[in-house]
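Step one of this worksheet: look at the structure below.
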Amino acid sequence: MPPPLLPPAEESVLVAWSCAAAAGTLASLGDPSSLLPVMPLPLLPLAGGSVGSRKGRERYARDGDESVLSPEPALIWSKMSTGLPIEIFSSMKGHAFSSFCRLDIDIHRNIPHIHVHEKRENHERWHGAEIQIVIEGNWTTYRSKILHYMRQMAVITPYAQFLFKFLSESPDKNMSVRFARRTDIMPPAPLETKYLPSAVDLLLIKRLIAETSKQNLLQFLQHEFVNVGKSHAERLIGEMGPDFTPKMAVKSLTSQQIVRIHQLFRQAKFDDPSGDCLSPAGEYNLRLGIIKELHPDMVATYSGR
């Protein structure tokens, strides 16, 4: 592992974690504070958005389990703590070559800086995708939490193989934990959905306004956000103040007006998303994961609404 750009803080260590999925183009990320499950590589955002929604995939929801869905915390924390580049390996099934990319991320502009992007020979015919990041963290304090979270991920993703390596300045403290794959059966990809108003930040609202095809504010609220019908959108606009009307051009909103919209989104009550967009592990995979990792004397699983 290359050395960090800055010396680690006292009692801190560097942790590298990677994961390879069973098939297709899958990858995963992780860090000591919030490790992430596998996710489709083509949908991987750089520093914003999550799996599950259009335009970056919906966060389900920010006040829910965002750390499970979004690579954002791992990528940003890697950039801030070590500054080391991210490495991505991928290969399609049956191909004699794999793709390797080493890149850095401008977290302010949300754009990649590509250092290396090349084809490599794939004699072993490995297929799938793997993303490797390096972050700095306090292993002494959070070791048990990290391993516990890794095991939880292994339970609900028995189709993925997790390899966790801890590298210390003292070689006798190094450790490696592998969570083996048990099945090649994967759940379907999550469906695309709209954004939950209470889960968006100011920058995202501005981006949605810039990209929307809707002409007025009423149409914008109905089209871009989940669980916002016409009557609900009209009530929201009424609570925004006298400067807002349903028919006002959404592209003409000022910075102060957008801030007001964001404030109202944080204060207002919205129904929870239906959850139909999610892709649960399923009864079969859940049973396999529990047996594989927890070794219970008895196990019973059930899948239903």
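Going through the structure tokens in order, the chains are called A, B, and so on, while each chain numbers its residues from 1 and the ligands are numbered from 1 in the order shown.
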
With only C-alpha atoms counted and 12 Å as the cut-off, give the residues of region 100-211 of chain A in contact with region 259-281 of chain A, each with its shortest interatomic distance in Å and the pair that gives it, as a tab-separated table.
residue	atom	partner	partner_atom	distance
A:Met153	CA	A:Ala281	CA	10.8
A:Ala154	CA	A:Ala281	CA	11.2
A:Val155	CA	A:Ala281	CA	9.5
A:Ile156	CA	A:Ala281	CA	6.0
A:Thr157	CA	A:Ala281	CA	7.0
A:Pro158	CA	A:Ala281	CA	9.0
A:Tyr159	CA	A:Ala281	CA	9.8
A:Ala160	CA	A:Ala281	CA	11.8
A:Ile185	CA	A:Ala281	CA	10.0
A:Met186	CA	A:Ala281	CA	7.8
A:Pro187	CA	A:Ala281	CA	5.9
A:Pro188	CA	A:Ser279	CA	6.2
A:Ala189	CA	A:Ser279	CA	6.3
A:Pro190	CA	A:Ser279	CA	4.9
A:Leu191	CA	A:Cys277	CA	4.5
A:Glu192	CA	A:Cys277	CA	6.4
A:Thr193	CA	A:Cys277	CA	6.4
A:Lys194	CA	A:Pro273	CA	9.5
A:Tyr195	CA	A:Pro273	CA	9.4
A:Leu196	CA	A:Pro273	CA	7.4
A:Pro197	CA	A:Phe265	CA	5.6
A:Ser198	CA	A:Phe265	CA	5.2
A:Ala199	CA	A:Arg266	CA	8.1
A:Val200	CA	A:His262	CA	7.9
A:Asp201	CA	A:His262	CA	7.0
A:Leu202	CA	A:His262	CA	6.1
A:Leu203	CA	A:His262	CA	9.7
A:Leu204	CA	A:His262	CA	9.9
A:Ile205	CA	A:His262	CA	7.6
A:Lys206	CA	A:Val259	CA	9.5
A:Ile209	CA	A:Ile261	CA	11.6

Write out the residues from the selection above, keeping C-alpha atoms, as a PDB file, in the first residue's frame.
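File produced: selection.pdb:
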ATOM      1  CA  MET A 153     -23.160  -6.868   4.829  1.00  0.00           C
ATOM      2  CA  ALA A 154     -22.066 -10.446   4.205  1.00  0.00           C
ATOM      3  CA  VAL A 155     -25.359 -11.732   5.605  1.00  0.00           C
ATOM      4  CA  ILE A 156     -27.515  -9.743   3.175  1.00  0.00           C
ATOM      5  CA  THR A 157     -25.164 -10.072   0.163  1.00  0.00           C
ATOM      6  CA  PRO A 158     -24.139 -13.756   0.027  1.00  0.00           C
ATOM      7  CA  TYR A 159     -23.574 -13.327  -3.736  1.00  0.00           C
ATOM      8  CA  ALA A 160     -20.552 -11.086  -3.065  1.00  0.00           C
ATOM      9  CA  ILE A 185     -28.097 -15.579  -7.564  1.00  0.00           C
ATOM     10  CA  MET A 186     -28.465 -11.823  -7.267  1.00  0.00           C
ATOM     11  CA  PRO A 187     -31.530  -9.679  -6.590  1.00  0.00           C
ATOM     12  CA  PRO A 188     -32.812  -7.500  -9.443  1.00  0.00           C
ATOM     13  CA  ALA A 189     -31.474  -3.985  -9.829  1.00  0.00           C
ATOM     14  CA  PRO A 190     -33.406  -1.297  -7.926  1.00  0.00           C
ATOM     15  CA  LEU A 191     -35.932   0.752  -9.865  1.00  0.00           C
ATOM     16  CA  GLU A 192     -35.444   4.423 -10.583  1.00  0.00           C
ATOM     17  CA  THR A 193     -37.501   6.793  -8.481  1.00  0.00           C
ATOM     18  CA  LYS A 194     -37.875  10.485  -7.776  1.00  0.00           C
ATOM     19  CA  TYR A 195     -36.276  12.449  -4.972  1.00  0.00           C
ATOM     20  CA  LEU A 196     -37.802  12.730  -1.513  1.00  0.00           C
ATOM     21  CA  PRO A 197     -38.032  16.490  -0.772  1.00  0.00           C
ATOM     22  CA  SER A 198     -36.705  16.167   2.777  1.00  0.00           C
ATOM     23  CA  ALA A 199     -33.646  14.291   1.483  1.00  0.00           C
ATOM     24  CA  VAL A 200     -32.338  16.867  -0.993  1.00  0.00           C
ATOM     25  CA  ASP A 201     -29.770  19.549  -0.295  1.00  0.00           C
ATOM     26  CA  LEU A 202     -29.501  23.040  -1.722  1.00  0.00           C
ATOM     27  CA  LEU A 203     -27.047  22.120  -4.463  1.00  0.00           C
ATOM     28  CA  LEU A 204     -29.261  19.284  -5.660  1.00  0.00           C
ATOM     29  CA  ILE A 205     -32.314  21.561  -5.851  1.00  0.00           C
ATOM     30  CA  LYS A 206     -30.322  23.993  -7.979  1.00  0.00           C
ATOM     31  CA  ILE A 209     -33.973  23.341 -11.551  1.00  0.00           C
TER      32      ILE A 209
END

Which polymer residues have any atom within 7 Å of an atom of Ser78 (chain A), counting only C-alpha atoms, with same-chain residues fewer than 5 positions away left out, as a list in words? Gly83, Ile133, Val134 and Ile135 of chain A

For the atom pair CA of Ala233 (chain A) and CA of Leu218 (chain A), what is the interatomic distance in Å to one decimal place? 6.2 Å

Between CA of His295 (chain A) and CA of Gly128 (chain A), distance in Å (one decimal): 28.1 Å
